$ cat data02.csv   # CSV, C-alpha atoms and all ligand atoms
chain,number,residue,atom,x,y,z
A,105,MET,CA,19.3,-71.7,13.3
A,106,TYR,CA,19.7,-74.8,11.3
A,107,VAL,CA,19.9,-77.7,13.7
A,108,VAL,CA,20.5,-81.3,12.7
A,109,VAL,CA,20.0,-84.5,14.7
A,110,GLU,CA,22.4,-87.2,13.5
A,111,GLY,CA,23.2,-90.8,14.3
A,112,ILE,CA,23.1,-94.3,12.8
A,113,ASP,CA,19.9,-96.2,12.5
A,114,THR,CA,18.2,-96.7,16.0
A,115,ALA,CA,20.4,-94.1,17.7
A,116,GLY,CA,17.3,-92.4,19.1
A,117,LYS,CA,16.9,-89.5,16.8
A,118,SER,CA,13.1,-89.8,16.4
A,119,THR,CA,12.7,-90.1,20.2
A,120,GLN,CA,14.6,-86.9,20.8
A,121,LEU,CA,12.9,-85.1,17.9
A,122,ASP,CA,9.5,-85.9,19.3
A,123,LEU,CA,10.6,-84.3,22.6
A,124,LEU,CA,12.0,-81.2,20.7
A,125,GLN,CA,8.7,-80.9,18.8
A,126,LYS,CA,6.8,-80.5,22.1
A,127,LYS,CA,9.3,-77.9,23.3
A,128,TYR,CA,9.8,-75.8,20.1
A,129,THR,CA,6.3,-75.4,18.8
A,130,ASP,CA,7.2,-72.6,16.4
A,131,ALA,CA,10.1,-74.5,14.8
A,132,ILE,CA,10.1,-76.2,11.4
A,133,PHE,CA,10.7,-79.9,11.7
A,134,THR,CA,12.0,-81.7,8.6
A,135,LYS,CA,14.0,-84.7,7.5
A,136,GLU,CA,16.4,-86.2,5.0
A,137,PRO,CA,15.6,-88.2,2.9
A,138,GLY,CA,12.0,-87.3,2.3
A,139,GLY,CA,11.4,-83.7,3.5
A,140,THR,CA,9.9,-82.7,0.2
A,141,ASP,CA,7.4,-84.1,-2.4
A,142,ILE,CA,10.2,-85.3,-4.7
A,143,GLY,CA,12.2,-86.3,-1.7
A,144,LEU,CA,9.5,-88.8,-0.7
A,145,LYS,CA,9.8,-90.6,-4.0
A,146,LEU,CA,13.6,-90.5,-3.8
A,147,ARG,CA,13.4,-91.9,-0.3
A,148,SER,CA,11.3,-94.8,-1.3
A,149,MET,CA,13.6,-95.6,-4.2
A,150,ALA,CA,16.7,-95.4,-2.0
A,151,LEU,CA,15.4,-97.3,1.0
A,152,ASN,CA,13.7,-100.1,-1.0
A,153,GLY,CA,17.1,-100.9,-2.5
A,154,GLU,CA,15.8,-100.2,-6.1
A,155,ALA,CA,19.1,-98.9,-7.3
A,156,LYS,CA,21.6,-101.7,-7.9
A,157,SER,CA,24.5,-99.4,-8.4
A,158,PRO,CA,26.0,-97.7,-5.2
A,159,ILE,CA,26.7,-94.6,-7.3
A,160,ALA,CA,23.0,-94.4,-8.3
A,161,GLU,CA,21.9,-94.8,-4.7
A,162,MET,CA,24.3,-92.1,-3.6
A,163,PHE,CA,22.9,-89.7,-6.2
A,164,LEU,CA,19.3,-90.4,-5.1
A,165,PHE,CA,20.3,-89.1,-1.6
A,166,LEU,CA,22.1,-86.1,-3.2
A,167,ALA,CA,19.1,-85.2,-5.3
A,168,ASP,CA,16.9,-85.4,-2.2
A,169,ARG,CA,19.3,-83.1,-0.3
A,170,ALA,CA,19.6,-80.5,-3.1
A,171,GLU,CA,15.8,-80.2,-3.2
A,172,HIS,CA,15.5,-80.2,0.6
A,173,ILE,CA,18.0,-77.3,0.9
A,174,GLU,CA,16.2,-75.3,-1.8
A,175,GLU,CA,12.6,-75.9,-0.7
A,176,VAL,CA,12.9,-76.2,3.1
A,177,ILE,CA,16.2,-74.8,4.5
A,178,LEU,CA,16.6,-71.7,2.4
A,179,THR,CA,12.9,-70.8,2.5
A,180,ASN,CA,12.9,-70.9,6.3
A,181,LYS,CA,16.3,-69.4,7.0
A,182,GLN,CA,14.9,-66.8,9.4
A,183,LYS,CA,13.3,-69.6,11.5
A,184,LEU,CA,14.5,-72.4,13.7
A,185,VAL,CA,14.7,-75.4,11.5
A,186,ILE,CA,15.4,-78.9,13.1
A,187,SER,CA,16.2,-81.7,10.7
A,188,ASP,CA,16.3,-85.5,11.2
A,189,ARG,CA,19.6,-86.2,9.3
A,190,SER,CA,21.6,-84.0,6.9
A,191,MET,CA,24.7,-84.0,4.7
A,192,ILE,CA,26.6,-85.7,7.6
A,193,SER,CA,24.6,-88.9,6.9
A,194,GLY,CA,25.0,-88.3,3.2
A,195,ILE,CA,28.8,-88.3,3.5
A,196,ALA,CA,29.1,-91.0,6.1
A,197,TYR,CA,26.7,-93.6,4.6
A,198,ALA,CA,28.3,-93.4,1.1
A,199,SER,CA,31.2,-95.2,2.7
A,200,THR,CA,32.5,-96.8,-0.5
A,201,PHE,CA,33.5,-93.4,-1.8
A,202,PRO,CA,36.4,-91.3,-0.5
A,203,LEU,CA,35.4,-88.8,2.3
A,204,GLU,CA,36.9,-85.8,0.5
A,205,LYS,CA,35.0,-86.6,-2.7
A,206,MET,CA,31.7,-87.0,-0.7
A,207,ILE,CA,32.3,-83.7,1.1
A,208,GLU,CA,32.8,-82.0,-2.3
A,209,LEU,CA,29.6,-83.5,-3.8
A,210,ASN,CA,27.5,-82.7,-0.7
A,211,LEU,CA,28.6,-79.1,-0.6
A,212,LEU,CA,27.6,-78.9,-4.2
A,213,ALA,CA,24.1,-80.3,-3.3
A,214,THR,CA,23.7,-78.0,-0.3
A,215,ASN,CA,25.0,-74.9,-2.1
A,216,ASN,CA,27.7,-74.7,0.6
A,217,ILE,CA,25.1,-74.4,3.4
A,218,LEU,CA,26.2,-76.1,6.6
A,219,PRO,CA,24.1,-76.7,9.7
A,220,SER,CA,24.7,-74.3,12.6
A,221,HIS,CA,24.3,-77.0,15.3
A,222,VAL,CA,25.0,-80.8,14.8
A,223,ILE,CA,23.9,-83.2,17.5
A,224,LEU,CA,25.3,-86.7,17.1
A,225,LEU,CA,23.8,-89.6,19.1
A,226,GLU,CA,26.5,-92.2,19.5
A,227,LEU,CA,25.7,-95.9,20.0
A,228,SER,CA,27.9,-98.7,21.4
A,229,PRO,CA,28.0,-101.9,19.2
A,230,LYS,CA,26.2,-103.8,22.0
A,231,GLU,CA,23.4,-101.3,22.2
A,232,LEU,CA,23.1,-101.1,18.4
A,233,GLU,CA,22.9,-104.9,18.2
A,234,TYR,CA,20.1,-105.0,20.8
A,235,ARG,CA,18.1,-102.2,19.2
A,236,LEU,CA,18.3,-103.7,15.7
A,237,SER,CA,17.1,-107.0,17.1
A,238,GLN,CA,14.0,-105.3,18.4
A,239,LYS,CA,12.8,-104.2,14.9
A,240,GLU,CA,12.3,-105.3,11.3
A,241,ASN,CA,15.4,-104.2,9.4
A,242,ASP,CA,15.3,-102.3,6.1
A,243,ALA,CA,17.9,-102.8,3.3
A,244,ILE,CA,20.5,-100.5,4.9
A,245,GLU,CA,20.1,-101.9,8.5
A,246,LEU,CA,20.5,-105.4,7.1
A,247,ARG,CA,24.1,-104.5,6.3
A,248,GLY,CA,24.8,-105.2,9.9
A,249,ILE,CA,26.6,-103.9,13.1
A,250,GLU,CA,30.1,-103.6,11.7
A,251,TYR,CA,28.9,-101.6,8.7
A,252,LEU,CA,26.8,-99.2,10.9
A,253,ILE,CA,29.6,-98.7,13.4
A,254,ASN,CA,31.9,-97.8,10.6
A,255,ILE,CA,29.3,-95.3,9.4
A,256,GLN,CA,29.2,-93.8,12.9
A,257,ASN,CA,33.0,-93.3,12.9
A,258,ARG,CA,32.7,-91.7,9.5
A,259,MET,CA,30.0,-89.3,10.8
A,260,LYS,CA,32.4,-88.2,13.6
A,261,GLU,CA,35.2,-87.7,11.2
A,262,THR,CA,33.0,-85.7,8.8
A,263,ILE,CA,31.8,-83.4,11.6
A,264,ILE,CA,35.3,-82.7,12.7
A,265,LYS,CA,36.5,-82.2,9.1
A,266,LEU,CA,33.7,-79.8,8.4
A,267,GLY,CA,34.4,-77.8,11.6
A,268,VAL,CA,30.8,-77.5,12.4
A,269,ASN,CA,29.5,-76.6,15.9
A,270,HIS,CA,28.6,-80.0,17.4
A,271,LEU,CA,27.6,-82.1,20.4
A,272,PHE,CA,28.5,-85.8,20.6
A,273,ILE,CA,26.1,-87.6,23.0
A,274,ASP,CA,26.2,-91.2,24.4
A,275,ALA,CA,23.0,-92.5,23.0
A,276,GLY,CA,22.9,-95.2,25.7
A,277,LYS,CA,22.1,-92.7,28.4
A,278,LYS,CA,18.6,-92.2,29.8
A,279,ILE,CA,16.2,-90.5,27.3
A,280,GLU,CA,15.7,-87.5,29.7
A,281,ASP,CA,19.4,-87.0,30.3
A,282,ILE,CA,20.0,-86.8,26.5
A,283,GLU,CA,17.0,-84.4,26.2
A,284,LYS,CA,18.6,-82.1,28.9
A,285,GLN,CA,22.1,-82.2,27.1
A,286,ILE,CA,20.4,-81.2,23.8
A,287,GLU,CA,18.4,-78.4,25.5
A,288,ASP,CA,21.6,-77.0,27.1
A,289,PHE,CA,23.5,-77.1,23.8
A,290,LEU,CA,20.7,-75.2,21.9
A,291,ASN,CA,20.5,-72.6,24.6
A,292,GLU,CA,24.3,-72.0,24.7
B,1,LIG,N1,18.1,-93.3,25.3
B,1,LIG,C1,17.5,-94.4,25.0
B,1,LIG,N2,17.6,-95.5,25.8
B,1,LIG,C2,17.0,-96.7,25.4
B,1,LIG,N3,16.3,-96.9,24.3
B,1,LIG,C3,16.1,-95.8,23.5
B,1,LIG,C4,16.7,-94.5,23.8
B,1,LIG,N4,16.3,-93.7,22.8
B,1,LIG,C5,15.6,-94.4,21.9
B,1,LIG,N5,15.4,-95.7,22.3
B,1,LIG,C6,14.7,-96.8,21.7
B,1,LIG,O1,15.5,-97.2,20.6
B,1,LIG,C7,14.7,-97.5,19.4
B,1,LIG,C8,15.2,-96.6,18.2
B,1,LIG,O2,14.9,-95.2,18.6
B,1,LIG,P1,14.4,-94.2,17.5
B,1,LIG,O3,13.4,-94.7,16.6
B,1,LIG,O4,14.2,-92.9,18.2
B,1,LIG,O5,15.8,-94.1,16.7
B,1,LIG,P2,16.1,-93.4,15.3
B,1,LIG,O6,17.5,-92.9,15.4
B,1,LIG,O7,15.1,-92.4,14.9
B,1,LIG,O8,16.1,-94.7,14.3
B,1,LIG,P3,16.0,-94.8,12.7
B,1,LIG,O9,17.1,-94.0,12.1
B,1,LIG,O10,16.2,-96.2,12.5
B,1,LIG,O11,14.7,-94.3,12.3
B,1,LIG,C9,13.2,-97.3,19.8
B,1,LIG,O12,12.7,-98.5,20.3
B,1,LIG,C10,13.4,-96.3,21.0
B,1,LIG,O13,12.3,-96.4,22.0
B,2,LIG,C1,20.3,-89.0,4.6
B,2,LIG,C2,20.8,-90.3,4.2
B,2,LIG,C3,20.3,-91.5,4.8
B,2,LIG,N1,20.8,-92.7,4.5
B,2,LIG,C4,20.2,-93.9,5.1
B,2,LIG,C5,20.3,-93.9,6.6
B,2,LIG,C6,19.1,-94.7,7.0
B,2,LIG,O1,19.4,-96.1,6.9
B,2,LIG,C7,18.1,-94.4,5.9
B,2,LIG,C8,17.1,-93.3,6.3
B,2,LIG,O2,16.2,-93.8,7.2
B,2,LIG,P1,15.5,-93.0,8.5
B,2,LIG,O3,14.5,-93.9,9.0
B,2,LIG,O4,14.9,-91.7,7.9
B,2,LIG,O5,16.6,-92.6,9.4
B,2,LIG,O6,18.8,-93.9,4.8
B,2,LIG,C9,21.8,-92.8,3.5
B,2,LIG,O7,22.3,-93.9,3.2
B,2,LIG,N2,22.3,-91.7,2.9
B,2,LIG,C10,21.9,-90.5,3.2
B,2,LIG,O8,22.3,-89.5,2.6

$ encode --input "data02.csv" --output "structure tokens"
Amino acid sequence: MYVVVEGIDTAGKSTQLDLLQKKYTDAIFTKEPGGTDIGLKLRSMALNGEAKSPIAEMFLFLADRAEHIEEVILTNKQKLVISDRSMISGIAYASTFPLEKMIELNLLATNNILPSHVILLELSPKELEYRLSQKENDAIELRGIEYLINIQNRMKETIIKLGVNHLFIDAGKKIEDIEKQIEDFLNE
């Protein structure tokens, strides 16, 4: 099983992944960007805003993804792998590029491998604004509420277009209620 937890910044992915880690002690927990040695370098370049060109930035994430699929997803295909982000983020955050083109490029990077389960934590603009105000924002978060809500809409569109098995969850619910919804989805 290749499970991905998706959502815009502050949606609550890490919170739920910490809970999953306690429950699924034999699973492989990984992330994009930064799930491999090269990926850690690419992550730092991408998140520090080192690339001035949006095309270069998008290719940093694609390089990270290709390496992650090869090193982590394919080598553990018999196991339960749970990832913090995936190609869904890759397609959605590259919002200056057409969706179809991004799907094509991401399928190239992933060797056509799709997640078996996609969990999307969905935030309201009000809750997003509150959560961003509670932390120091990185280069991507500084793009603001409107940008991130647009990315969230693109994530939903991408998930539907790819036809992957998915669960959309209201990220404003109580942590334990979200945890239960995820557990039920994985046990279906
Ligand atoms: N269901 C929830 N209700 C209220 N607050 C929450 C909930 N889930 C997470 N939070 C809080 O929201 C903040 C962001 O959560 P978290 O770090 O888990 O998000 P994230 O999606 O991993 O963020 P990022 O992508 O920016 O790393 C934290 O302060 C966390 O405690
Ligand atoms: C995979 C991926 C991620 N991003 C963005 C989304 C976030 O702002 C950061 C990652 O930070 P996190 O703390 O690990 O959630 O990078 C992106 O723009 N493109 C991508 O492909």

$ atom_distance --input "data02.csv" --atom1 "CA of Ile286 (chain A)" --atom2 "CA of Tyr251 (chain A)"
26.8 Å

$ closest_residue --input "data02.csv" --among "A:Asn257, A:Gln182, A:Ser220, A:Ser193" --to "His270 (chain A)" --atoms "only C-alpha atoms"
A:Ser220

$ residues_near_ligand --input "data02.csv" --ligand "ligand LIG 2 (chain B)" --cutoff "7 Å" --atoms "all atoms listed in the file" --output "list in words"
Ile112, Asp113, Glu136, Pro137, Leu151, Met162, Phe165, Leu166, Arg189, Ser190, Met191, Ser193, Gly194, Ile195, Tyr197, Ala198, Ile244 and Glu245 of chain A

$ residues_near_ligand --input "data02.csv" --ligand "ligand LIG 1 (chain B)" --cutoff "7 Å" --atoms "only C-alpha atoms and all ligand atoms" --output "list of chain:residue names"
A:Gly111, A:Ile112, A:Asp113, A:Thr114, A:Ala115, A:Gly116, A:Lys117, A:Ser118, A:Thr119, A:Gln120, A:Arg235, A:Ala275, A:Gly276, A:Lys277, A:Lys278, A:Ile279, A:Ile282

$ closest_atom_pairs --input "data02.csv" --of "region 107-184 of chain A" --to "region 206-217 of chain A" --cutoff "8 Å" --atoms "only C-alpha atoms" --output "JSON lines"
{"residue": "A:Leu166", "atom": "CA", "partner": "A:Ala213", "partner_atom": "CA", "distance": 6.1}
{"residue": "A:Ala167", "atom": "CA", "partner": "A:Ala213", "partner_atom": "CA", "distance": 7.3}
{"residue": "A:Arg169", "atom": "CA", "partner": "A:Ala213", "partner_atom": "CA", "distance": 6.3}
{"residue": "A:Ala170", "atom": "CA", "partner": "A:Ala213", "partner_atom": "CA", "distance": 4.5}
{"residue": "A:Ile173", "atom": "CA", "partner": "A:Thr214", "partner_atom": "CA", "distance": 5.9}

$ write_last_selection --input "data02.csv" --atoms "C-alpha atoms" --output "short mmCIF file (atom, residue, chain, number, x, y, z; two decimals), in the frame of the given file"
data_model
loop_
_atom_site.label_atom_id
_atom_site.label_comp_id
_atom_site.auth_asym_id
_atom_site.auth_seq_id
_atom_site.Cartn_x
_atom_site.Cartn_y
_atom_site.Cartn_z
CA LEU A 166 22.10 -86.10 -3.20
CA ALA A 167 19.10 -85.20 -5.30
CA ARG A 169 19.30 -83.10 -0.30
CA ALA A 170 19.60 -80.50 -3.10
CA ILE A 173 18.00 -77.30 0.90
#

$ atom_distance --input "data02.csv" --atom1 "CA of Met259 (chain A)" --atom2 "CA of Arg247 (chain A)"
16.9 Å

$ atom_distance --input "data02.csv" --atom1 "CA of Thr200 (chain A)" --atom2 "CA of Gln256 (chain A)"
14.1 Å

$ closest_residue --input "data02.csv" --among "A:Leu224, A:Lys284, A:Asn180, A:Tyr234" --to "Ile264 (chain A)" --atoms "all atoms listed in the file"
A:Leu224

$ closest_residue --input "data02.csv" --among "A:Ser237, A:Asn269, A:Asn152, A:Ser187" --to "Val109 (chain A)" --atoms "all atoms listed in the file"
A:Ser187

$ residues_near_point --input "data02.csv" --point "(10.8, -82.9, -3.3)" --cutoff "8 Å" --atoms "all atoms listed in the file" --output "MDAnalysis selection string"
chainID A and resid 138:145 168 171:172 175

$ closest_residue --input "data02.csv" --among "A:Gln238, A:Thr134, A:Ser199, A:Asn254" --to "Leu184 (chain A)" --atoms "all atoms listed in the file"
A:Thr134

$ closest_residue --input "data02.csv" --among "A:Leu290, A:Phe272, A:Leu227, A:Glu250" --to "Leu124 (chain A)" --atoms "all atoms listed in the file"
A:Leu290

$ closest_residue --input "data02.csv" --among "A:Leu271, A:Pro158, A:Val108, A:Ala196" --to "Asp288 (chain A)" --atoms "all atoms listed in the file"
A:Leu271
